[in-house]
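File shown: model_10.txt. Contents: compact mmCIF, C-alpha atoms.
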# COMPACT_ATOMS: atom_id res chain seq x y z
CA MET C 22 0.00 0.00 0.00
CA GLU C 23 1.32 3.44 -0.96
CA GLU C 24 1.28 6.25 1.61
CA TYR C 25 0.54 9.89 0.76
CA ASP C 26 -0.29 13.09 2.59
CA ILE C 27 -3.16 13.99 0.24
CA ILE C 28 -5.19 12.01 -2.30
CA ILE C 29 -7.12 14.05 -4.88
CA VAL C 30 -9.87 12.26 -6.80
CA GLY C 31 -10.61 14.03 -10.09
CA GLY C 32 -8.27 15.74 -12.55
CA GLY C 33 -10.49 18.44 -14.06
CA PRO C 34 -9.90 22.18 -13.51
CA ALA C 35 -10.48 21.85 -9.73
CA GLY C 36 -8.25 18.83 -9.14
CA ALA C 37 -5.48 20.00 -11.47
CA THR C 38 -5.44 23.48 -9.93
CA LEU C 39 -5.28 22.12 -6.39
CA ALA C 40 -2.46 19.70 -7.27
CA ARG C 41 -0.50 22.53 -8.91
CA LEU C 42 -0.77 24.82 -5.89
CA LEU C 43 0.01 22.40 -3.05
CA PRO C 44 3.49 22.80 -1.49
CA GLU C 45 6.31 20.55 -2.69
CA HIS C 46 6.95 18.90 0.68
CA LEU C 47 3.56 17.14 0.54
CA ARG C 48 3.22 13.70 -1.00
CA VAL C 49 0.22 14.03 -3.33
CA LEU C 50 -1.61 11.44 -5.43
CA LEU C 51 -3.93 12.71 -8.20
CA LEU C 52 -6.36 10.16 -9.62
CA CYS C 53 -7.56 11.44 -12.98
CA ASP C 54 -10.19 9.61 -15.00
CA ASP C 55 -9.86 11.36 -18.37
CA ARG C 56 -11.26 8.63 -20.60
CA ARG C 57 -14.76 10.07 -20.84
CA GLY C 58 -15.84 13.43 -22.24
CA LYS C 59 -17.98 15.74 -20.14
CA PRO C 60 -20.93 17.66 -21.63
CA CYS C 61 -19.60 21.20 -21.82
CA GLY C 62 -19.95 23.99 -24.34
CA GLY C 63 -16.23 24.63 -23.93
CA LEU C 64 -16.63 28.40 -23.60
CA LEU C 65 -14.46 30.29 -21.12
CA ALA C 66 -16.69 32.92 -19.53
CA PRO C 67 -15.25 36.20 -18.19
CA ASP C 68 -15.20 34.80 -14.62
CA ALA C 69 -13.09 31.85 -15.78
CA GLN C 70 -10.79 34.17 -17.73
CA LYS C 71 -10.33 36.27 -14.59
CA ALA C 72 -9.57 33.17 -12.50
CA LEU C 73 -6.82 32.19 -14.97
CA ALA C 74 -5.48 35.75 -15.15
CA ARG C 75 -4.97 35.68 -11.38
CA PHE C 76 -2.10 33.24 -11.98
CA ASP C 77 -0.80 35.08 -15.07
CA LEU C 78 -1.81 32.12 -17.25
CA THR C 79 -2.21 32.62 -21.00
CA LEU C 80 -3.94 30.15 -23.31
CA PRO C 81 -1.78 28.49 -25.98
CA LYS C 82 -3.24 28.73 -29.46
CA GLU C 83 -3.56 24.93 -29.70
CA ILE C 84 -6.43 25.10 -27.20
CA LEU C 85 -8.44 27.65 -29.19
CA VAL C 86 -10.94 26.48 -31.81
CA ASP C 87 -12.82 28.17 -34.65
CA PRO C 88 -14.90 30.25 -34.61
CA GLN C 89 -14.60 32.91 -31.91
CA ILE C 90 -18.15 34.22 -31.49
CA PHE C 91 -19.08 37.53 -29.86
CA ALA C 92 -22.82 37.11 -29.30
CA VAL C 93 -25.20 34.56 -27.83
CA ARG C 94 -28.44 33.84 -29.67
CA THR C 95 -31.11 33.42 -27.00
CA ILE C 96 -33.98 31.26 -28.29
CA ASP C 97 -37.34 30.65 -26.60
CA LEU C 98 -38.89 27.63 -28.33
CA THR C 99 -42.26 28.17 -26.64
CA SER C 100 -42.86 31.82 -27.55
CA ARG C 101 -40.77 31.53 -30.77
CA GLN C 102 -38.80 34.62 -29.79
CA GLN C 103 -35.09 35.21 -30.07
CA ARG C 104 -32.58 37.94 -29.29
CA TYR C 105 -28.82 38.39 -29.61
CA TYR C 106 -26.71 39.51 -26.65
CA GLN C 107 -23.03 40.39 -26.69
CA ARG C 108 -20.86 38.00 -24.67
CA MET C 109 -17.07 37.88 -24.28
CA TYR C 110 -16.50 34.14 -24.32
CA ILE C 111 -13.41 32.27 -25.56
CA ASN C 112 -14.15 29.14 -27.60
CA VAL C 113 -11.79 26.31 -26.57
CA ASP C 114 -11.32 22.59 -26.97
CA ARG C 115 -12.39 21.43 -23.50
CA VAL C 116 -10.37 18.21 -23.60
CA LYS C 117 -7.19 20.07 -24.56
CA PHE C 118 -7.93 22.75 -21.97
CA ASP C 119 -8.12 20.14 -19.19
CA ARG C 120 -4.91 18.48 -20.42
CA TRP C 121 -3.17 21.86 -20.45
CA LEU C 122 -4.06 22.37 -16.79
CA LEU C 123 -2.85 18.85 -15.98
CA ASP C 124 0.45 19.48 -17.78
CA MET C 125 1.16 22.25 -15.25
CA VAL C 126 0.93 19.85 -12.30
CA PRO C 127 4.48 19.72 -10.82
CA PRO C 128 6.59 16.51 -10.91
CA HIS C 129 6.34 15.87 -7.17
CA VAL C 130 2.65 15.04 -7.64
CA SER C 131 2.00 11.43 -8.64
CA VAL C 132 -0.63 11.45 -11.42
CA ARG C 133 -2.50 8.25 -12.26
CA HIS C 134 -4.82 8.30 -15.27
CA VAL C 135 -7.30 5.84 -13.79
CA ARG C 136 -10.80 5.85 -12.40
CA CYS C 137 -11.03 5.67 -8.62
CA ARG C 138 -13.17 2.67 -7.72
CA SER C 139 -13.83 3.36 -4.04
CA VAL C 140 -12.88 5.55 -1.10
CA GLU C 141 -13.43 4.95 2.60
CA ARG C 142 -12.59 6.50 5.95
CA THR C 143 -10.56 4.40 8.40
CA GLU C 144 -8.92 5.05 11.77
CA GLU C 145 -5.56 5.46 10.02
CA GLY C 146 -6.84 7.84 7.35
CA PHE C 147 -8.56 7.52 3.98
CA LEU C 148 -8.20 4.61 1.59
CA ALA C 149 -8.61 4.93 -2.18
CA THR C 150 -8.81 1.91 -4.49
CA PHE C 151 -8.00 2.12 -8.21
CA PRO C 152 -6.68 -0.07 -11.08
CA GLY C 153 -2.93 -0.50 -11.29
CA GLN C 154 -0.82 -0.81 -14.44
CA ASP C 155 -1.49 -4.54 -14.70
CA GLY C 156 -5.23 -4.08 -14.15
CA ALA C 157 -5.18 -5.41 -10.60
CA LEU C 158 -6.66 -3.13 -7.94
CA GLU C 159 -4.26 -1.05 -5.84
CA THR C 160 -4.87 0.84 -2.62
CA ALA C 161 -3.37 4.10 -1.39
CA ARG C 162 -3.75 5.77 2.00
CA ALA C 163 -3.58 9.42 3.03
CA ALA C 164 -4.46 11.64 5.99
CA VAL C 165 -6.39 14.02 3.71
CA LEU C 166 -8.84 13.16 0.91
CA VAL C 167 -10.15 15.69 -1.62
CA GLY C 168 -13.09 15.11 -3.96
CA ALA C 169 -12.69 17.06 -7.19
CA ASP C 170 -14.76 14.58 -9.16
CA GLY C 171 -17.75 16.62 -10.28
CA ALA C 172 -21.48 16.58 -9.61
CA GLY C 173 -21.66 12.79 -9.23
CA SER C 174 -18.71 12.81 -6.82
CA LEU C 175 -17.70 9.40 -5.52
CA VAL C 176 -15.97 11.07 -2.57
CA ARG C 177 -19.07 13.03 -1.59
CA ARG C 178 -21.38 10.01 -1.87
CA SER C 179 -19.02 7.72 0.04
CA ILE C 180 -18.02 10.07 2.85
CA PHE C 181 -20.87 12.58 3.21
CA GLY C 182 -23.89 11.06 1.46
CA PRO C 183 -26.11 12.70 -1.18
CA ILE C 184 -25.90 16.44 -1.72
CA LYS C 185 -29.00 18.50 -0.89
CA THR C 186 -29.57 20.42 -4.11
CA ARG C 187 -31.34 20.25 -7.46
CA GLN C 188 -29.86 17.67 -9.81
CA TYR C 189 -30.17 17.23 -13.58
CA THR C 190 -28.68 15.07 -16.29
CA ALA C 191 -26.63 16.93 -18.89
CA ILE C 192 -26.60 15.39 -22.37
CA GLN C 193 -24.61 16.66 -25.33
CA GLN C 194 -24.18 15.46 -28.91
CA TRP C 195 -21.69 16.38 -31.65
CA PHE C 196 -22.75 16.63 -35.30
CA PRO C 197 -20.85 17.32 -38.53
CA LEU C 198 -21.19 21.02 -39.26
CA ALA C 199 -23.73 21.56 -42.03
CA ALA C 200 -24.16 24.63 -44.22
CA VAL C 201 -25.00 27.04 -41.41
CA ASN C 202 -23.45 30.26 -40.26
CA PRO C 203 -21.73 29.29 -36.96
CA PHE C 204 -23.47 30.61 -33.85
CA TYR C 205 -23.69 30.12 -30.11
CA SER C 206 -27.15 29.81 -28.62
CA CYS C 207 -28.84 29.55 -25.23
CA VAL C 208 -32.10 27.62 -25.60
CA PHE C 209 -35.16 27.66 -23.32
CA ASP C 210 -37.95 25.13 -23.73
CA PRO C 211 -40.07 24.57 -20.59
CA ALA C 212 -42.02 21.87 -22.43
CA THR C 213 -38.99 19.59 -22.14
CA SER C 214 -36.82 21.03 -19.33
CA PRO C 215 -36.98 23.67 -16.58
CA CYS C 216 -33.26 24.27 -17.17
CA CYS C 217 -31.37 25.63 -20.18
CA SER C 218 -29.69 24.13 -23.23
CA TRP C 219 -26.92 25.36 -25.50
CA SER C 220 -25.42 25.01 -28.94
CA ILE C 221 -21.97 25.95 -30.16
CA CYS C 222 -19.88 25.42 -33.29
CA LYS C 223 -16.33 24.10 -32.94
CA ASP C 224 -14.16 23.69 -36.01
CA ASN C 225 -16.24 21.43 -38.25
CA PHE C 226 -18.75 20.34 -35.59
CA PHE C 227 -22.10 21.61 -34.37
CA ILE C 228 -22.73 20.73 -30.71
CA PHE C 229 -26.11 20.66 -28.99
CA GLY C 230 -26.56 19.91 -25.31
CA GLY C 231 -28.68 20.72 -22.31
CA ALA C 232 -29.64 19.85 -18.74
CA PHE C 233 -32.79 17.78 -18.23
CA PRO C 234 -34.65 16.23 -15.29
CA SER C 235 -32.91 12.93 -14.57
CA ARG C 236 -36.08 10.90 -15.04
CA ARG C 237 -36.58 10.31 -18.78
CA SER C 238 -33.77 12.75 -19.57
CA ARG C 239 -32.89 11.13 -22.89
CA SER C 240 -36.43 11.31 -24.27
CA ALA C 241 -36.68 14.97 -23.18
CA PHE C 242 -33.34 15.69 -24.88
CA GLU C 243 -34.45 14.08 -28.14
CA ALA C 244 -37.77 15.97 -28.07
CA GLN C 245 -36.06 19.32 -27.52
CA LYS C 246 -33.45 18.57 -30.17
CA GLN C 247 -36.21 17.98 -32.72
CA ARG C 248 -38.05 21.16 -31.66
CA LEU C 249 -34.84 23.17 -32.08
CA ALA C 250 -34.09 21.60 -35.46
CA ASP C 251 -37.61 22.49 -36.64
CA TYR C 252 -37.22 26.06 -35.37
CA LEU C 253 -33.84 26.50 -37.09
CA HIS C 254 -34.96 24.64 -40.25
CA MET C 255 -31.79 22.61 -39.81
CA ASP C 256 -31.04 18.91 -40.20
CA PHE C 257 -28.56 17.98 -37.49
CA GLY C 258 -27.79 14.63 -39.09
CA ALA C 259 -26.40 11.61 -37.24
CA PRO C 260 -24.40 12.39 -34.08
CA VAL C 261 -20.68 11.64 -34.06
CA LYS C 262 -20.67 11.13 -30.29
CA THR C 263 -22.90 11.52 -27.24
CA GLU C 264 -21.79 12.62 -23.77
CA ALA C 265 -23.72 12.66 -20.49
CA CYS C 266 -23.15 13.43 -16.82
CA GLN C 267 -24.88 14.74 -13.70
CA VAL C 268 -25.13 18.51 -13.13
CA LEU C 269 -26.15 20.51 -10.05
CA ARG C 270 -27.97 23.83 -9.51
CA PRO C 271 -27.38 25.29 -6.01
CA SER C 272 -30.33 27.21 -4.58
CA ARG C 273 -29.66 27.57 -0.83
CA PRO C 274 -26.73 27.39 1.63
CA ALA C 275 -27.37 23.67 2.23
CA SER C 276 -26.63 23.10 -1.49
CA PHE C 277 -22.91 23.32 -0.69
CA CYS C 278 -20.87 20.63 1.05
CA LEU C 279 -17.29 21.67 1.81
CA GLY C 280 -16.24 18.59 3.76
CA GLY C 281 -15.12 17.72 7.26
CA GLY C 282 -12.98 15.31 9.27
CA GLY C 283 -10.01 15.50 6.92
CA ALA C 284 -12.05 15.13 3.72
CA TYR C 285 -12.79 18.12 1.49
CA LEU C 286 -14.74 18.86 -1.68
CA VAL C 287 -13.91 21.38 -4.41
CA GLY C 288 -15.54 22.47 -7.65
CA GLU C 289 -18.91 21.03 -8.55
CA ALA C 290 -18.39 18.15 -6.11
CA ALA C 291 -18.91 20.80 -3.40
CA GLY C 292 -21.84 22.37 -5.28
CA PHE C 293 -19.84 25.23 -6.80
CA ILE C 294 -21.55 25.96 -10.14
CA SER C 295 -23.66 28.84 -11.43
CA PRO C 296 -27.40 28.04 -11.08
CA SER C 297 -28.22 30.41 -13.94
CA SER C 298 -25.68 29.58 -16.65
CA LEU C 299 -24.28 26.24 -15.33
CA GLU C 300 -20.76 27.69 -15.72
CA GLY C 301 -18.41 25.90 -13.34
CA ILE C 302 -14.81 26.34 -14.51
CA SER C 303 -14.29 29.61 -12.64
CA SER C 304 -15.71 28.19 -9.41
CA ALA C 305 -13.56 25.06 -9.79
CA ILE C 306 -10.38 27.14 -10.01
CA LEU C 307 -11.38 29.53 -7.23
CA SER C 308 -12.48 26.83 -4.76
CA ALA C 309 -9.33 24.77 -5.42
CA THR C 310 -7.20 27.86 -4.82
CA ALA C 311 -9.05 28.54 -1.57
CA LEU C 312 -8.53 24.97 -0.35
CA ALA C 313 -4.81 24.97 -1.24
CA GLU C 314 -4.34 28.08 0.90
CA SER C 315 -6.58 26.78 3.71
CA LEU C 316 -4.80 23.43 4.11
CA GLU C 317 -1.79 25.31 5.46
CA GLN C 318 -3.86 26.81 8.28
CA SER C 319 -4.26 25.36 11.77
CA ARG C 320 -8.01 24.86 11.23
CA PRO C 321 -8.28 24.03 7.51
CA LEU C 322 -12.05 23.51 7.30
CA ALA C 323 -12.86 26.78 9.08
CA ALA C 324 -10.36 28.59 6.86
CA TYR C 325 -11.86 26.98 3.76
CA ARG C 326 -15.35 28.07 4.79
CA ARG C 327 -14.18 31.66 5.24
CA ALA C 328 -12.24 31.64 1.96
CA THR C 329 -15.23 30.41 -0.04
CA GLY C 330 -17.87 32.51 1.70
CA HIS C 331 -17.93 35.17 -1.00
CA LEU C 332 -18.04 32.54 -3.74
CA ARG C 333 -20.99 30.72 -2.15
CA TRP C 334 -23.04 33.87 -1.75
CA LYS C 335 -22.13 35.02 -5.26
CA LEU C 336 -23.47 31.76 -6.69
CA LEU C 337 -26.61 31.91 -4.54
CA ALA C 338 -27.20 35.50 -5.68
CA LYS C 339 -27.32 34.28 -9.26
CA ASN C 340 -30.66 32.68 -8.35
CA LEU C 341 -32.04 36.23 -8.45
CA LYS C 342 -31.45 36.18 -12.22
CA CYS C 343 -33.18 32.85 -12.70
CA PRO C 344 -36.82 34.10 -12.74
CA PHE C 345 -36.01 36.46 -15.62
CA MET C 346 -34.31 33.60 -17.47
CA TYR C 347 -36.50 30.63 -16.63
CA HIS C 348 -40.01 31.92 -15.87
CA PRO C 349 -41.81 31.89 -19.28
CA PHE C 350 -43.76 35.12 -18.72
CA LEU C 351 -40.83 37.14 -17.35
CA ARG C 352 -38.50 35.77 -20.04
CA SER C 353 -41.00 36.76 -22.71
CA LEU C 354 -41.10 40.31 -21.32
CA VAL C 355 -37.31 40.54 -21.32
CA LEU C 356 -37.07 39.29 -24.90
CA LYS C 357 -39.83 41.61 -26.10
CA SER C 358 -38.17 44.62 -24.45
CA GLY C 359 -34.92 44.02 -26.30
CA LEU C 360 -33.08 45.47 -23.30
CA THR C 361 -29.27 45.21 -23.76
CA SER C 362 -29.75 43.13 -26.94
CA ILE C 363 -27.95 43.87 -30.19
CA GLN C 364 -29.37 44.09 -33.70
CA VAL C 365 -27.85 41.51 -36.03
CA GLU C 366 -27.94 42.51 -39.67
CA ALA C 367 -28.94 39.90 -42.24
CA ARG C 368 -25.98 38.81 -44.38
CA PRO C 369 -26.18 39.72 -48.07
CA ARG C 370 -26.83 36.91 -50.51
CA GLY C 371 -23.68 35.26 -51.70
CA THR C 372 -21.79 35.92 -48.47
CA PRO C 373 -19.78 32.85 -47.40
CA GLU C 374 -21.51 30.80 -44.74
CA ALA C 375 -18.60 31.12 -42.31
CA LYS C 376 -15.22 32.73 -42.05
CA MET C 377 -13.37 29.43 -41.80
CA PRO C 378 -11.21 27.44 -44.23
CA PRO C 379 -13.26 25.31 -46.67
CA ASP C 380 -11.73 22.08 -45.37
CA ARG C 381 -13.07 22.90 -41.89
CA ARG C 382 -16.51 23.94 -43.10
CA ARG C 383 -17.65 20.69 -44.64
CA ASN C 384 -15.65 17.68 -43.54
CA PRO C 385 -17.77 15.25 -41.54
CA LYS C 386 -15.00 12.63 -41.47
CA ARG C 387 -12.75 14.76 -39.28
CA LYS C 388 -12.78 13.66 -35.62
CA THR C 389 -11.68 15.28 -32.40
How would this structure read if it were set down as structure tokens?
Amino acid sequence: MEEYDIIIVGGGPAGATLARLLPEHLRVLLLCDDRRGKPCGGLLAPDAQKALARFDLTLPKEILVDPQIFAVRTIDLTSRQQRYYQRMYINVDRVKFDRWLLDMVPPHVSVRHVRCRSVERTEEGFLATFPGQDGALETARAAVLVGADGAGSLVRRSIFGPIKTRQYTAIQQWFPLAAVNPFYSCVFDPATSPCCSWSICKDNFFIFGGAFPSRRSRSAFEAQKQRLADYLHMDFGAPVKTEACQVLRPSRPASFCLGGGGAYLVGEAAGFISPSSLEGISSAILSATALAESLEQSRPLAAYRRATGHLRWKLLAKNLKCPFMYHPFLRSLVLKSGLTSIQVEARPRGTPEAKMPPDRRRNPKRKT
């Protein structure tokens, strides 16, 4: 059995950031299951950009994808209304973005690209079980355990039980990009989901995804996908791949679980995600940074609570936006008012469908 000071389960933005910031004298094991894609639009919002800027990090061009879009097309499938709003997002390849963060993890951290099978609390510390190089299960022990493994966190379920917050299933599909001017959209359709959906173009792919009630989530996804295709007069075609995972929407202080007894949670495992936009990268980085600083204090949990107090209340405050986004009547009023929206001029006939190279515009055989 291997002995460590800290075991981190999950190698996304939260886990990778925490591993990068922990002091060198600590023996750290990072268990990173990177075999499965996570439904994500792959857009870095201003809050995420600010979180990266705090560490003077700049994105390499290999992470960026075409096109870079400066407006979100908000679509209400029930009222058949739409508006465009300016947004300063950066379009990235999410898989490459996560790998870039992992590449910055220092050499003193032991990184295993495996899926953690189980965790448990014992009198001597925490035990984590995972596949070894030969496929046989291995066990590691540490005094501190950190769950950075997302909404369906194994660490949270095993140590603290179910989280007390709203839960949805996020589903996303990738399609070959057809003859359509690339756009980013935020879709509302209360007939199929009380939450939001999204679409984004990346290189030669069109991506559609959304969050749906866990019960019958796939049928609701397919129904909304067809309603959106009818509205756009667009044939999505056959999907290249489908991704799915659990997603949370915090609504009250009890929605967050920070940990206790030597075990801690960061990122969405702790409930840190925007209830309005479902953006979680910024909160993952900020909560991991707060925990890295708090673990050096005499009372780490109390320090972590103080350090994340502003973040928790900021996320809860976003619930004040939700009625104007998710209540059909209020959303209709906002869309009709045109407040803060921008007027998009129709493109003249003969204008190219997208400012991207022809080989990227129509090449369904190209894979990520």
Excluding region 182-184 of chain C and its own-chain neighbours fewer than 5 positions away, which residues fall within 10 Å of it when counting only C-alpha atoms? Please give them as an mmCIF file with C-alpha atoms, in the frame of the given file.
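Dumped to around29.cif:
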data_model
loop_
_atom_site.group_PDB
_atom_site.id
_atom_site.type_symbol
_atom_site.label_atom_id
_atom_site.label_comp_id
_atom_site.auth_asym_id
_atom_site.auth_seq_id
_atom_site.Cartn_x
_atom_site.Cartn_y
_atom_site.Cartn_z
ATOM 1 C CA ALA C 172 -21.480 16.580 -9.610
ATOM 2 C CA GLY C 173 -21.660 12.790 -9.230
ATOM 3 C CA SER C 174 -18.710 12.810 -6.820
ATOM 4 C CA LEU C 175 -17.700 9.400 -5.520
ATOM 5 C CA VAL C 176 -15.970 11.070 -2.570
ATOM 6 C CA ARG C 177 -19.070 13.030 -1.590
ATOM 7 C CA LEU C 269 -26.150 20.510 -10.050
ATOM 8 C CA PRO C 271 -27.380 25.290 -6.010
ATOM 9 C CA ALA C 275 -27.370 23.670 2.230
ATOM 10 C CA SER C 276 -26.630 23.100 -1.490
ATOM 11 C CA PHE C 277 -22.910 23.320 -0.690
ATOM 12 C CA CYS C 278 -20.870 20.630 1.050
ATOM 13 C CA ALA C 290 -18.390 18.150 -6.110
ATOM 14 C CA ALA C 291 -18.910 20.800 -3.400
ATOM 15 C CA GLY C 292 -21.840 22.370 -5.280
#
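Residues in contact range of Ile192 (chain C), defined as at most 7 Å between all atoms listed in the file, with sequence neighbours fewer than 4 positions away removed, read Pro60, Gly230, Gly231, Ala232, Glu264, Ala265 and Cys266 of chain C.
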Discussion item. Can you tell me which residues surround region 345-360 of chain C at a distance of at most 9 Å, considering only C-alpha atoms, apart from same-chain residues fewer than 3 positions away, and format the answer as an MDAnalysis selection string?
Written reply: chainID C and resid 95 97 99:100 102:105 209:211 215:217 297 341:342 363
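CA of Cys343 (chain C) lies 16.3 Å from CA of Gly301 (chain C).
Minimum distance to Asp124 (chain C) across C:Ala40, C:Met109, C:Ala169, C:Ile96 (counting all atoms listed in the file) occurs at C:Ala40.
Between CA of Ile180 (chain C) and CA of Ile302 (chain C) the interatomic distance comes to 24.0 Å.
Take CA of Gly171 (chain C) and CA of Lys82 (chain C): the distance between them is 26.9 Å.
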Worksheet entry | Counting all atoms listed in the file, the option among C:Ala35, C:Leu42, C:Gly156, C:Thr329 closest to Glu317 (chain C) | C:Leu42
Draw an axis-aligned box tight on the listed atoms of region 92-102 of chain C, then pad every side by 3 Å and write out centre and edge lengths in Å to one decimal as AutoDock Vina command-line options.
--center_x -32.8 --center_y 32.4 --center_z -28.7 --size_x 26.0 --size_y 15.5 --size_z 10.2
Discussion item. Between C:Gln188, C:Thr310, C:Ser240, C:Asn202, which residue has the minimum interatomic distance to Arg41 (chain C), considering all atoms listed in the file?
Written reply: C:Thr310
Practice prompt. Excluding Arg326 (chain C) and residues on its chain fewer than 6 positions from it, collect all residues at most 12 Å away from it, counting only C-alpha atoms, and give them as a ChimeraX atom specification.
Written response: /C:274,277-281,285-287,291,308,311-312,314-316,320,332-334
Fill in: Residues within 8 Å of region 71-79 of chain C, all atoms listed in the file, excluding chain neighbours under 6 positions, as a list of chain:residue names
C:Ser303, C:Ile306, C:Leu307
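Closest approach to Leu166 (chain C) from the set C:Leu249, C:Val261, C:Ala149, C:Leu322 is made by C:Ala149, with distances taken over all atoms listed in the file.
Distance annotation: of C:Gly62, C:Asp251, C:Gln318, C:Phe257, the residue with the minimal separation from Arg101 (chain C) is C:Asp251; atom set is only C-alpha atoms.
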